[in-house]
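Novice: This is start-v3.cif, which holds mmCIF, C-alpha atoms:
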data_final
#
loop_
_atom_site.label_atom_id
_atom_site.label_comp_id
_atom_site.auth_asym_id
_atom_site.auth_seq_id
_atom_site.Cartn_x
_atom_site.Cartn_y
_atom_site.Cartn_z
CA MET A 935 0.00 0.00 0.00
CA ALA A 936 1.45 3.34 -1.07
CA LEU A 937 1.96 5.96 1.62
CA PRO A 938 0.11 9.26 1.14
CA THR A 939 2.11 12.18 -0.18
CA TRP A 940 1.77 15.66 1.21
CA ASP A 941 2.05 18.73 -0.95
CA HIS A 942 4.29 21.14 0.94
CA PRO A 943 5.29 24.08 -1.26
CA GLU A 944 9.02 24.73 -1.25
CA PRO A 945 10.09 27.77 0.79
CA LEU A 946 11.56 30.71 -1.09
CA ALA A 947 15.21 30.08 -1.93
CA VAL A 948 17.61 32.36 -0.07
CA ASP A 949 19.51 33.15 -3.25
CA SER A 950 16.31 34.22 -5.03
CA ALA A 951 16.14 37.45 -3.00
CA PRO A 952 17.05 40.53 -5.09
CA VAL A 953 20.22 41.58 -3.26
CA PRO A 954 20.98 45.35 -3.23
CA GLU A 955 23.46 46.64 -5.77
CA TYR A 956 26.35 47.05 -3.35
CA GLY A 957 29.55 48.39 -4.90
CA ALA A 958 27.97 49.78 -8.04
CA GLY A 959 24.58 51.36 -7.34
CA SER A 960 23.57 51.48 -3.68
CA LEU A 961 23.21 54.30 -1.16
CA ALA A 962 26.61 53.35 0.26
CA ASP A 963 28.19 54.18 -3.11
CA VAL A 964 26.83 57.71 -3.51
CA LEU A 965 29.10 59.83 -1.29
CA PRO A 966 32.33 57.94 -2.11
CA THR A 967 31.61 58.56 -5.79
CA LEU A 968 31.01 62.28 -5.24
CA ALA A 969 34.02 62.59 -2.95
CA ALA A 970 36.26 60.82 -5.46
CA GLY A 971 35.22 63.42 -8.03
CA MET A 972 36.45 66.11 -5.62
CA SER A 973 39.82 64.35 -5.20
CA VAL A 974 39.23 63.17 -1.62
CA PRO A 975 41.90 60.51 -0.91
CA ASP A 976 40.93 56.85 -0.64
CA MET A 977 37.51 57.41 -2.23
CA ALA A 978 36.44 55.39 -5.28
CA ALA A 979 33.89 56.34 -7.93
CA ALA A 980 31.65 53.30 -7.42
CA ILE A 981 28.70 54.60 -9.48
CA PRO A 982 30.27 55.04 -12.92
CA GLU A 983 27.30 56.90 -14.39
CA LEU A 984 27.88 59.99 -12.24
CA THR A 985 29.95 62.88 -13.58
CA PRO A 986 32.21 64.76 -11.13
CA ALA A 987 31.29 68.23 -9.88
CA ASP A 988 33.15 70.67 -7.66
CA ARG A 989 30.12 71.28 -5.45
CA ASN A 990 27.80 68.45 -4.51
CA CYS A 991 24.58 68.49 -2.49
CA VAL A 992 22.67 65.37 -1.43
CA PHE A 993 19.04 65.94 -0.43
CA LEU A 994 17.69 62.81 1.27
CA ILE A 995 13.90 62.57 1.50
CA ASP A 996 13.01 60.01 4.12
CA GLY A 997 10.61 57.39 2.77
CA LEU A 998 10.35 58.49 -0.88
CA GLY A 999 10.87 55.34 -2.93
CA TRP A 1000 11.33 55.25 -6.69
CA GLU A 1001 8.04 53.46 -7.33
CA GLN A 1002 6.05 55.83 -5.13
CA LEU A 1003 7.53 58.83 -6.94
CA ARG A 1004 6.78 57.42 -10.37
CA ALA A 1005 3.18 56.68 -9.32
CA HIS A 1006 2.46 60.30 -8.30
CA PRO A 1007 3.38 62.66 -11.17
CA ASP A 1008 0.60 65.12 -10.32
CA GLU A 1009 1.77 65.57 -6.74
CA ALA A 1010 5.47 65.80 -7.67
CA PRO A 1011 5.70 67.51 -11.07
CA PHE A 1012 9.21 68.87 -10.58
CA MET A 1013 10.78 65.61 -9.42
CA THR A 1014 8.83 63.76 -12.11
CA SER A 1015 10.49 66.01 -14.68
CA LEU A 1016 13.84 64.82 -13.31
CA LEU A 1017 13.18 61.07 -13.51
CA ALA A 1018 15.23 60.72 -16.70
CA SER A 1019 18.19 62.36 -14.92
CA SER A 1020 18.34 59.66 -12.25
CA ARG A 1021 21.61 57.80 -11.83
CA GLY A 1022 23.62 60.00 -14.14
CA GLY A 1023 21.00 60.32 -16.88
CA THR A 1024 20.25 56.63 -17.22
CA GLY A 1025 16.74 57.08 -15.83
CA ARG A 1026 17.37 54.23 -13.39
CA PRO A 1027 17.12 54.04 -9.59
CA ILE A 1028 19.69 52.87 -7.08
CA THR A 1029 19.11 50.47 -4.19
CA ALA A 1030 18.91 51.33 -0.51
CA GLY A 1031 20.60 48.30 1.05
CA TYR A 1032 19.27 45.64 3.40
CA PRO A 1033 17.38 46.22 5.52
CA ALA A 1034 15.70 49.19 3.82
CA THR A 1035 15.26 51.22 6.98
CA THR A 1036 16.32 54.66 8.14
CA ALA A 1037 19.08 53.93 10.65
CA THR A 1038 20.75 51.44 8.33
CA SER A 1039 20.43 53.64 5.25
CA LEU A 1040 21.66 56.84 6.92
CA ALA A 1041 24.71 54.96 8.16
CA SER A 1042 25.27 53.55 4.67
CA ILE A 1043 25.11 56.89 2.91
CA GLY A 1044 27.14 58.72 5.55
CA THR A 1045 29.96 56.20 5.95
CA GLY A 1046 30.01 54.95 2.37
CA LEU A 1047 29.91 51.41 3.75
CA PRO A 1048 27.31 48.64 3.46
CA PRO A 1049 25.51 47.45 6.61
CA GLY A 1050 27.82 44.49 7.20
CA ALA A 1051 30.71 46.93 7.61
CA HIS A 1052 29.18 49.93 9.40
CA GLY A 1053 27.27 47.63 11.74
CA LEU A 1054 23.79 49.17 11.97
CA PRO A 1055 21.94 46.17 10.53
CA GLY A 1056 18.35 47.10 11.30
CA TYR A 1057 15.80 49.07 13.27
CA THR A 1058 16.64 46.99 16.35
CA ALA A 1059 19.49 44.52 16.73
CA ARG A 1060 21.03 42.57 19.58
CA ASN A 1061 24.01 44.06 21.35
CA PRO A 1062 26.29 41.02 21.82
CA ALA A 1063 27.97 42.68 24.83
CA THR A 1064 24.74 42.96 26.81
CA GLY A 1065 22.34 40.52 25.14
CA GLU A 1066 19.76 43.32 24.89
CA LEU A 1067 17.95 44.61 21.83
CA MET A 1068 19.27 48.01 20.81
CA ASN A 1069 17.12 50.49 18.91
CA GLN A 1070 19.57 51.97 16.44
CA LEU A 1071 17.32 54.85 15.44
CA ARG A 1072 16.67 56.06 18.99
CA TRP A 1073 19.94 54.66 20.39
CA ASN A 1074 18.24 52.94 23.30
CA PRO A 1075 19.60 51.48 25.50
CA TRP A 1076 22.68 53.65 25.37
CA THR A 1077 25.95 52.31 24.06
CA ASP A 1078 29.15 54.09 23.08
CA PRO A 1079 28.53 55.38 19.53
CA ARG A 1080 32.17 55.15 18.46
CA ALA A 1081 32.50 51.60 19.69
CA TRP A 1082 29.32 50.64 17.87
CA GLN A 1083 30.35 52.33 14.58
CA PRO A 1084 34.10 53.11 14.54
CA HIS A 1085 34.59 53.97 10.85
CA PRO A 1086 35.00 57.62 9.76
CA THR A 1087 32.23 59.20 7.74
CA VAL A 1088 32.76 60.45 4.20
CA PHE A 1089 32.03 63.93 5.53
CA GLN A 1090 34.95 63.65 7.98
CA LEU A 1091 37.29 62.43 5.26
CA ALA A 1092 36.18 65.19 2.89
CA ASP A 1093 36.57 67.84 5.58
CA ALA A 1094 40.10 66.59 6.31
CA ALA A 1095 40.87 66.88 2.59
CA GLY A 1096 39.93 70.55 2.53
CA VAL A 1097 36.41 70.21 1.13
CA HIS A 1098 33.84 72.60 2.63
CA THR A 1099 31.47 70.17 4.34
CA ALA A 1100 28.10 70.83 5.96
CA GLN A 1101 24.89 69.15 7.08
CA VAL A 1102 21.63 71.11 7.10
CA SER A 1103 18.81 69.42 8.98
CA SER A 1104 16.42 69.72 11.91
CA PRO A 1105 18.10 71.06 15.07
CA THR A 1106 16.80 68.02 16.98
CA PHE A 1107 19.23 65.78 15.08
CA GLN A 1108 22.39 67.77 15.80
CA ASN A 1109 23.66 65.81 18.80
CA THR A 1110 22.03 62.43 18.33
CA PRO A 1111 24.28 59.35 18.38
CA LEU A 1112 23.03 58.35 14.93
CA THR A 1113 24.14 61.71 13.53
CA LYS A 1114 27.52 61.35 15.23
CA VAL A 1115 28.26 57.89 13.80
CA ALA A 1116 26.70 58.39 10.37
CA LEU A 1117 26.64 62.03 9.32
CA SER A 1118 29.22 64.00 11.33
CA GLY A 1119 32.07 65.97 9.76
CA GLY A 1120 32.33 69.64 8.89
CA THR A 1121 29.60 71.85 10.34
CA PHE A 1122 26.02 71.02 11.34
CA HIS A 1123 23.41 73.73 10.70
CA GLY A 1124 20.02 73.26 12.33
CA ARG A 1125 16.99 74.87 10.69
CA LEU A 1126 13.36 74.15 11.47
CA SER A 1127 11.54 74.87 8.23
CA GLY A 1128 12.13 73.12 4.95
CA GLU A 1129 12.48 76.42 3.13
CA GLU A 1130 15.21 77.57 5.53
CA ARG A 1131 17.09 74.31 4.96
CA MET A 1132 16.96 74.67 1.18
CA ASP A 1133 18.18 78.26 1.29
CA LEU A 1134 21.00 77.46 3.70
CA ALA A 1135 22.04 74.36 1.75
CA ALA A 1136 22.47 76.53 -1.33
CA GLU A 1137 24.51 79.05 0.68
CA GLN A 1138 26.73 76.31 2.04
CA LEU A 1139 27.31 74.92 -1.45
CA ALA A 1140 28.57 78.32 -2.55
CA ALA A 1141 30.82 78.71 0.53
CA GLY A 1142 33.70 76.66 -0.91
CA ASP A 1143 35.40 76.00 -4.23
CA ARG A 1144 34.82 72.34 -3.37
CA SER A 1145 31.74 71.68 -1.25
CA LEU A 1146 29.87 68.64 0.04
CA VAL A 1147 26.49 69.44 1.58
CA TYR A 1148 23.80 67.12 2.96
CA THR A 1149 20.22 68.06 3.77
CA TYR A 1150 17.26 66.00 4.92
CA TYR A 1151 13.48 65.98 5.20
CA ALA A 1152 11.58 63.45 7.34
CA GLU A 1153 7.83 63.94 7.09
CA VAL A 1154 7.13 62.00 3.89
CA ASP A 1155 8.12 58.94 5.91
CA GLY A 1156 6.23 60.11 8.99
CA LYS A 1157 2.94 60.56 7.17
CA GLY A 1158 3.44 57.26 5.33
CA HIS A 1159 3.85 55.31 8.56
CA ARG A 1160 0.84 56.94 10.20
CA PHE A 1161 -1.62 57.24 7.31
CA GLY A 1162 -0.16 55.17 4.46
CA ILE A 1163 1.06 56.14 1.01
CA ASP A 1164 -2.52 56.06 -0.31
CA SER A 1165 -3.55 58.96 1.92
CA ASP A 1166 -4.10 62.69 1.51
CA PRO A 1167 -1.60 63.58 4.29
CA TRP A 1168 1.12 61.59 2.49
CA ARG A 1169 0.30 63.16 -0.86
CA GLY A 1170 0.35 66.59 0.77
CA GLN A 1171 3.86 65.96 2.06
CA LEU A 1172 4.98 64.81 -1.39
CA MET A 1173 3.63 68.03 -2.90
CA TYR A 1174 5.46 70.08 -0.28
CA VAL A 1175 8.80 68.34 -0.66
CA ASP A 1176 8.55 68.62 -4.45
CA ARG A 1177 8.45 72.38 -4.03
CA LEU A 1178 11.45 72.21 -1.69
CA VAL A 1179 13.49 70.32 -4.30
CA GLN A 1180 12.62 72.94 -6.91
CA ARG A 1181 13.49 75.76 -4.50
CA LEU A 1182 16.95 74.30 -3.90
CA ALA A 1183 17.54 73.48 -7.56
CA GLU A 1184 16.81 77.07 -8.58
CA GLN A 1185 19.47 78.39 -6.17
CA LEU A 1186 22.40 76.16 -7.09
CA PRO A 1187 25.66 78.08 -7.41
CA PRO A 1188 27.89 77.48 -10.44
CA ARG A 1189 29.69 74.12 -10.85
CA SER A 1190 27.16 72.34 -8.63
CA ALA A 1191 25.31 69.05 -8.72
CA LEU A 1192 22.21 68.34 -6.64
CA TYR A 1193 21.27 64.72 -6.00
CA VAL A 1194 17.83 63.87 -4.61
CA THR A 1195 17.56 60.43 -3.07
CA ALA A 1196 15.84 58.51 -0.26
CA ASP A 1197 16.61 55.95 2.41
CA HIS A 1198 13.85 53.50 1.43
CA GLY A 1199 10.43 53.20 -0.17
CA MET A 1200 7.24 52.11 1.55
CA ILE A 1201 4.29 49.73 1.24
CA ASP A 1202 0.85 49.84 2.90
CA ILE A 1203 -0.14 46.59 4.62
CA PRO A 1204 -3.82 45.72 5.27
CA PHE A 1205 -5.02 45.27 8.83
CA ASP A 1206 -6.05 41.63 8.91
CA GLU A 1207 -4.61 38.36 10.20
CA GLN A 1208 -3.54 37.21 6.75
CA HIS A 1209 -1.31 40.24 6.20
CA ARG A 1210 -0.25 40.94 9.79
CA ILE A 1211 1.09 37.83 11.53
CA ASP A 1212 1.30 38.49 15.26
CA PHE A 1213 4.43 36.98 16.81
CA ASP A 1214 3.09 37.62 20.29
CA GLU A 1215 0.07 35.41 19.61
CA ASP A 1216 1.78 32.66 17.59
CA TRP A 1217 3.26 29.92 19.79
CA GLU A 1218 4.99 28.25 16.83
CA LEU A 1219 6.96 31.34 15.88
CA ARG A 1220 7.80 32.11 19.54
CA ALA A 1221 9.14 28.62 20.29
CA GLY A 1222 12.87 28.76 20.98
CA VAL A 1223 13.10 32.52 20.36
CA ALA A 1224 14.89 34.66 22.96
CA LEU A 1225 14.60 38.04 21.20
CA LEU A 1226 12.71 39.40 18.20
CA GLY A 1227 14.56 42.24 16.48
CA GLY A 1228 14.36 44.26 13.31
CA GLU A 1229 10.90 45.33 12.12
CA GLY A 1230 7.84 43.81 10.53
CA ARG A 1231 9.25 43.22 7.05
CA ALA A 1232 12.88 42.62 8.05
CA ARG A 1233 13.19 40.53 11.18
CA HIS A 1234 16.25 39.48 13.16
CA VAL A 1235 15.31 36.39 15.19
CA TYR A 1236 17.62 35.49 18.08
CA ALA A 1237 17.26 31.91 19.30
CA VAL A 1238 17.85 30.55 22.77
CA PRO A 1239 21.17 28.63 22.88
CA GLY A 1240 20.92 25.34 21.03
CA ALA A 1241 17.60 26.15 19.33
CA GLN A 1242 18.91 27.88 16.21
CA ALA A 1243 18.27 24.98 13.81
CA ASP A 1244 14.78 24.32 15.18
CA VAL A 1245 13.81 27.99 14.92
CA LEU A 1246 15.08 28.15 11.34
CA THR A 1247 13.09 25.03 10.40
CA CYS A 1248 9.93 26.31 12.06
CA TRP A 1249 10.08 29.78 10.53
CA ARG A 1250 10.67 28.28 7.09
CA GLU A 1251 7.72 25.93 7.45
CA VAL A 1252 5.36 28.64 8.71
CA LEU A 1253 6.50 31.65 6.68
CA GLY A 1254 8.73 30.35 3.89
CA GLU A 1255 6.23 30.96 1.09
CA GLN A 1256 5.94 34.66 1.94
CA PHE A 1257 9.36 35.51 3.38
CA TRP A 1258 12.91 34.77 2.40
CA ILE A 1259 14.06 32.93 5.54
CA ALA A 1260 17.80 32.54 6.02
CA SER A 1261 20.20 31.55 8.73
CA ARG A 1262 22.75 34.20 9.65
CA ASP A 1263 25.47 32.48 7.63
CA GLU A 1264 23.19 31.95 4.63
CA ALA A 1265 22.23 35.63 4.57
CA ILE A 1266 25.89 36.64 4.80
CA ALA A 1267 26.90 34.23 2.03
CA ALA A 1268 24.08 35.57 -0.17
CA GLY A 1269 25.38 39.13 0.31
CA TRP A 1270 22.29 40.55 1.96
CA PHE A 1271 24.36 42.89 4.15
CA GLY A 1272 27.10 43.59 1.63
CA PRO A 1273 30.19 41.77 0.36
CA ARG A 1274 31.49 41.24 3.89
CA VAL A 1275 30.31 41.30 7.49
CA ASP A 1276 32.83 42.56 10.03
CA GLU A 1277 33.56 40.38 13.04
CA ARG A 1278 32.12 42.93 15.47
CA VAL A 1279 28.86 42.93 13.46
CA TYR A 1280 28.41 39.17 13.07
CA ALA A 1281 26.55 38.49 16.32
CA ARG A 1282 24.33 41.56 15.88
CA LEU A 1283 22.59 39.71 13.04
CA GLY A 1284 19.78 37.32 13.87
CA ASP A 1285 20.33 33.59 14.08
CA VAL A 1286 17.40 33.57 11.65
CA ILE A 1287 16.65 36.47 9.30
CA ALA A 1288 13.23 36.95 7.70
CA ALA A 1289 12.77 39.31 4.74
CA ALA A 1290 9.24 39.77 3.36
CA ARG A 1291 8.51 39.11 -0.30
CA ASP A 1292 4.72 39.40 -0.13
CA ASP A 1293 2.48 42.13 1.29
CA VAL A 1294 2.83 40.85 4.83
CA LEU A 1295 4.25 41.80 8.24
CA ILE A 1296 5.42 40.00 11.35
CA ILE A 1297 4.04 42.32 14.00
CA ALA A 1298 4.44 42.03 17.78
CA SER A 1299 1.30 43.59 19.22
CA GLU A 1300 2.37 43.42 22.88
CA ARG A 1301 6.08 44.27 22.74
CA GLU A 1302 5.86 46.67 19.76
CA PRO A 1303 2.38 48.27 19.92
CA LYS A 1304 3.26 51.48 18.09
CA GLU A 1305 5.18 49.81 15.29
CA SER A 1306 2.48 47.16 14.93
CA ALA A 1307 -0.14 49.86 14.30
CA MET A 1308 1.68 51.54 11.39
CA VAL A 1309 -0.09 51.64 8.02
CA GLY A 1310 3.00 52.14 5.84
CA ASN A 1311 5.97 49.84 6.34
CA HIS A 1312 9.36 49.03 4.82
CA GLY A 1313 12.53 47.05 5.40
CA SER A 1314 12.76 44.23 2.89
CA MET A 1315 14.25 43.73 -0.59
CA THR A 1316 11.17 44.20 -2.77
CA ALA A 1317 11.26 46.91 -5.41
CA VAL A 1318 8.79 49.18 -3.60
CA GLU A 1319 11.10 49.27 -0.56
CA GLN A 1320 14.55 48.90 -2.09
CA LEU A 1321 14.53 51.16 -5.14
CA VAL A 1322 15.22 54.84 -4.49
CA PRO A 1323 15.80 57.74 -6.86
CA LEU A 1324 19.08 59.51 -7.53
CA LEU A 1325 17.68 62.53 -9.34
CA GLN A 1326 20.19 65.08 -10.61
CA VAL A 1327 20.21 68.83 -11.27
CA ARG A 1328 23.42 70.51 -12.43
CA SER A 1329 24.36 74.15 -12.79
#
What do you get writing this file as structure tokens?
Specialist:
Amino acid sequence: MALPTWDHPEPLAVDSAPVPEYGAGSLADVLPTLAAGMSVPDMAAAIPELTPADRNCVFLIDGLGWEQLRAHPDEAPFMTSLLASSRGGTGRPITAGYPATTATSLASIGTGLPPGAHGLPGYTARNPATGELMNQLRWNPWTDPRAWQPHPTVFQLADAAGVHTAQVSSPTFQNTPLTKVALSGGTFHGRLSGEERMDLAAEQLAAGDRSLVYTYYAEVDGKGHRFGIDSDPWRGQLMYVDRLVQRLAEQLPPRSALYVTADHGMIDIPFDEQHRIDFDEDWELRAGVALLGGEGRARHVYAVPGAQADVLTCWREVLGEQFWIASRDEAIAAGWFGPRVDERVYARLGDVIAAARDDVLIIASEREPKESAMVGNHGSMTAVEQLVPLLQVRS
């Protein structure tokens, strides 16, 4: 008598995940390319499509992905007119890096290093020295910033090479640990309004024969998390930031290049049990797990000692059709965090790493109530999250 056969779909293959374009077209490659064009030592032009300029400004719009921008030409007419300029006139986007989240991406763009080297591998990650989860955006609980991220920023290297270097952002960010490890170097200028930031960024560009200026706007991301990218508040923010980009572009001094980019895109996730899997209510997913890190679409899962293999097997069986599920070593070998992972970073990564492919989240309603209630989300390697613009205006 033949035994019955069970149809268990194969889990997503780890190597089928669309790995970010590290070394040729990721956020980590932007500033080294610009700095190399200004003759900053030890910098390499990793994005070959970009043409050098004496004065470079990077305007990072938090949460504005390539696909969201292309889908809203009426709200963003000026940036839409620049789509063909992206990535040196190729009309193509670049990739954020994994995970596609603010702390990781700001560290990538500021240091010119992928996450496996700078060591901020997610929204929250385990501190191997304490065994606690560390929120790398809010820097809680406290740890020494320079021990956590010891590499110099591109801004520091440019400043040491005689380039006029400045950051123009909200005053609240001036002394944060994330700013210190990712964006410090030269002079920080705090301005509250977007218009003031654009005007001052243009002034700072003109302040040196060679200049490197960074400016930032956060509320596109904020409205997306709270209301979703299919909301009037989000569209209103897109309209506003489009005017800011135009305001800055119209003030560029001679020999300047403005690059408009983002740290990640965003996707709205429905509020039902099929799309929002609650870790805190799922005994299978909790079994053998000591800590749950990362965020809903990019999870670091830390197993109790000896349970790593069982946790990996369970997560693959339960989630493997919707998430790329990898062991730490598999994710490293596949290049998810870049071409290498530094020794100090290795244990910050989850024993199991879950990256969403489908429109789904792993929420934690009890331990992460605020994050679990967000409409718009990001973190994984799908195009809506990973692809970001690199729009260009030159004078």
Novice: Determine the nearest neighbour of Gly1228 (chain A) from the options A:Gly1284, A:Pro1011, A:Gly1096, A:Gly1119, counting all atoms listed in the file.
Specialist: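 Selected residue with least distance to Gly1228 (chain A): A:Gly1284.
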Novice: Decode the PyMOL selection byres ((chain A and resi 942-954) around 9) for the given file into explicit residues and return them as a ChimeraX atom specification.
Specialist: /A:940-941,955-956,959-960,1028-1032,1250-1251,1253-1260,1264-1265,1268-1272,1289,1291,1315-1317,1320-1321
Novice: Identify which of the residues A:Arg1160, A:Arg1233, A:Arg1072, A:Arg989 lies closest to Thr1110 (chain A), counting all atoms listed in the file when measuring atom-to-atom distances.
Specialist: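 With all atoms listed in the file as the atom set, the closest residue is A:Arg1072.
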Novice: Measuring atom to atom with all atoms listed in the file, identify which of A:Gly1120, A:Asp1216, A:Leu1054, A:Thr1036 is nearest to Ala1094 (chain A).
Specialist: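 Going through A:Gly1120, A:Asp1216, A:Leu1054, A:Thr1036 one by one, the smallest distance to Ala1094 (chain A) is for A:Gly1120.
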Novice: Taking the point (36.8, 58.5, 4.4) as given in the file, collect each protein or nucleic acid residue that comes within 10 Å of it, counting only C-alpha atoms, and present the set as number ranges by chain.
Specialist: A: 965-966, 969, 974-977, 1044-1047, 1085-1095
Novice: Give the answer as one residue: which of A:Val1235, A:Leu961, A:Ala1081, A:Val1252 has the shortest atom-to-atom distance to Trp1217 (chain A), using all atoms listed in the file?
Specialist: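 When distances to Trp1217 (chain A) are compared using all atoms listed in the file, the smallest one comes from A:Val1252.
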Novice: Which neighbours of region 1057-1061 of chain A fall inside 9 Å, counting only C-alpha atoms, when residues of the same chain fewer than 4 positions from it are skipped, and could you give them as a tab-separated table (two decimals) with C-alpha atoms, in the coordinates of the input?
Specialist:
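Saved to selection_11.tsv:
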chain	number	residue	atom	x	y	z
A	1033	PRO	CA	17.38	46.22	5.52
A	1035	THR	CA	15.26	51.22	6.98
A	1036	THR	CA	16.32	54.66	8.14
A	1037	ALA	CA	19.08	53.93	10.65
A	1038	THR	CA	20.75	51.44	8.33
A	1065	GLY	CA	22.34	40.52	25.14
A	1066	GLU	CA	19.76	43.32	24.89
A	1067	LEU	CA	17.95	44.61	21.83
A	1068	MET	CA	19.27	48.01	20.81
A	1069	ASN	CA	17.12	50.49	18.91
A	1070	GLN	CA	19.57	51.97	16.44
A	1071	LEU	CA	17.32	54.85	15.44
A	1077	THR	CA	25.95	52.31	24.06
A	1225	LEU	CA	14.60	38.04	21.20
A	1226	LEU	CA	12.71	39.40	18.20
A	1227	GLY	CA	14.56	42.24	16.48
A	1228	GLY	CA	14.36	44.26	13.31
A	1229	GLU	CA	10.90	45.33	12.12
A	1232	ALA	CA	12.88	42.62	8.05
A	1233	ARG	CA	13.19	40.53	11.18
A	1234	HIS	CA	16.25	39.48	13.16
A	1236	TYR	CA	17.62	35.49	18.08
A	1281	ALA	CA	26.55	38.49	16.32
A	1282	ARG	CA	24.33	41.56	15.88
A	1283	LEU	CA	22.59	39.71	13.04
A	1284	GLY	CA	19.78	37.32	13.87
A	1313	GLY	CA	12.53	47.05	5.40
Novice: Can you pull out every residue within 6 Å of region 1171-1178 of chain A, counting only C-alpha atoms, but drop anything in the same chain fewer than 6 positions away, and send it as a PDB file with C-alpha atoms, in the frame of the given file?
Specialist:
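To be explicit, this is the file written out as out-v9.pdb:
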ATOM      1  CA  GLU A1009       1.770  65.570  -6.740  1.00  0.00           C
ATOM      2  CA  ALA A1010       5.470  65.800  -7.670  1.00  0.00           C
ATOM      3  CA  VAL A1154       7.130  62.000   3.890  1.00  0.00           C
TER       4      VAL A1154
END
Novice: Enumerate, as a compact mmCIF listing (two decimals) with C-alpha atoms, keeping the file's coordinate frame, the residues matched when the PyMOL selection byres ((chain A and resi 996) around 10) is run on the file above.
Specialist:
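What landed in out_14.txt:
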# COMPACT_ATOMS: atom_id res chain seq x y z
CA PHE A 993 19.04 65.94 -0.43
CA LEU A 994 17.69 62.81 1.27
CA ILE A 995 13.90 62.57 1.50
CA GLY A 997 10.61 57.39 2.77
CA LEU A 998 10.35 58.49 -0.88
CA GLY A 999 10.87 55.34 -2.93
CA THR A 1035 15.26 51.22 6.98
CA THR A 1036 16.32 54.66 8.14
CA SER A 1039 20.43 53.64 5.25
CA LEU A 1040 21.66 56.84 6.92
CA TYR A 1150 17.26 66.00 4.92
CA TYR A 1151 13.48 65.98 5.20
CA ALA A 1152 11.58 63.45 7.34
CA GLU A 1153 7.83 63.94 7.09
CA VAL A 1154 7.13 62.00 3.89
CA ASP A 1155 8.12 58.94 5.91
CA GLY A 1156 6.23 60.11 8.99
CA THR A 1195 17.56 60.43 -3.07
CA ALA A 1196 15.84 58.51 -0.26
CA ASP A 1197 16.61 55.95 2.41
CA HIS A 1198 13.85 53.50 1.43
CA GLY A 1199 10.43 53.20 -0.17
Novice: How many Å lie between CA of Asn1311 (chain A) and CA of Ile1043 (chain A), rounded to one decimal?
Specialist: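 Rounded to one decimal, the two atoms are 20.7 Å apart.
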Novice: For region 1109-1118 of chain A, supply N, CA, C and O atoms and format the output as a PDB file, in the coordinates of the input.
Specialist:
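Below is the file result-v8.pdb, written as the result:
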ATOM      1  N   ASN A1109      22.793  66.526  17.851  1.00  0.00           N
ATOM      2  CA  ASN A1109      23.660  65.810  18.800  1.00  0.00           C
ATOM      3  C   ASN A1109      23.234  64.373  19.035  1.00  0.00           C
ATOM      4  O   ASN A1109      23.658  63.761  20.019  1.00  0.00           O
ATOM      5  N   THR A1110      22.444  63.814  18.146  1.00  0.00           N
ATOM      6  CA  THR A1110      22.030  62.430  18.330  1.00  0.00           C
ATOM      7  C   THR A1110      23.181  61.480  18.028  1.00  0.00           C
ATOM      8  O   THR A1110      24.039  61.772  17.187  1.00  0.00           O
ATOM      9  N   PRO A1111      23.222  60.328  18.693  1.00  0.00           N
ATOM     10  CA  PRO A1111      24.280  59.350  18.380  1.00  0.00           C
ATOM     11  C   PRO A1111      24.262  58.909  16.927  1.00  0.00           C
ATOM     12  O   PRO A1111      25.332  58.703  16.333  1.00  0.00           O
ATOM     13  N   LEU A1112      23.077  58.759  16.330  1.00  0.00           N
ATOM     14  CA  LEU A1112      23.030  58.350  14.930  1.00  0.00           C
ATOM     15  C   LEU A1112      23.700  59.382  14.032  1.00  0.00           C
ATOM     16  O   LEU A1112      24.446  59.034  13.113  1.00  0.00           O
ATOM     17  N   THR A1113      23.456  60.657  14.295  1.00  0.00           N
ATOM     18  CA  THR A1113      24.140  61.710  13.530  1.00  0.00           C
ATOM     19  C   THR A1113      25.647  61.628  13.731  1.00  0.00           C
ATOM     20  O   THR A1113      26.420  61.753  12.769  1.00  0.00           O
ATOM     21  N   LYS A1114      26.076  61.395  14.952  1.00  0.00           N
ATOM     22  CA  LYS A1114      27.520  61.350  15.230  1.00  0.00           C
ATOM     23  C   LYS A1114      28.206  60.215  14.466  1.00  0.00           C
ATOM     24  O   LYS A1114      29.293  60.391  13.925  1.00  0.00           O
ATOM     25  N   VAL A1115      27.576  59.039  14.421  1.00  0.00           N
ATOM     26  CA  VAL A1115      28.260  57.890  13.800  1.00  0.00           C
ATOM     27  C   VAL A1115      28.052  57.843  12.296  1.00  0.00           C
ATOM     28  O   VAL A1115      28.830  57.196  11.588  1.00  0.00           O
ATOM     29  N   ALA A1116      27.018  58.528  11.788  1.00  0.00           N
ATOM     30  CA  ALA A1116      26.700  58.390  10.370  1.00  0.00           C
ATOM     31  C   ALA A1116      26.915  59.643   9.550  1.00  0.00           C
ATOM     32  O   ALA A1116      27.262  59.554   8.367  1.00  0.00           O
ATOM     33  N   LEU A1117      26.724  60.818  10.135  1.00  0.00           N
ATOM     34  CA  LEU A1117      26.640  62.030   9.320  1.00  0.00           C
ATOM     35  C   LEU A1117      27.539  63.155   9.813  1.00  0.00           C
ATOM     36  O   LEU A1117      27.448  64.279   9.317  1.00  0.00           O
ATOM     37  N   SER A1118      28.408  62.915  10.794  1.00  0.00           N
ATOM     38  CA  SER A1118      29.220  64.000  11.330  1.00  0.00           C
ATOM     39  C   SER A1118      30.406  64.296  10.413  1.00  0.00           C
ATOM     40  O   SER A1118      30.827  63.475   9.608  1.00  0.00           O
TER      41      SER A1118
END
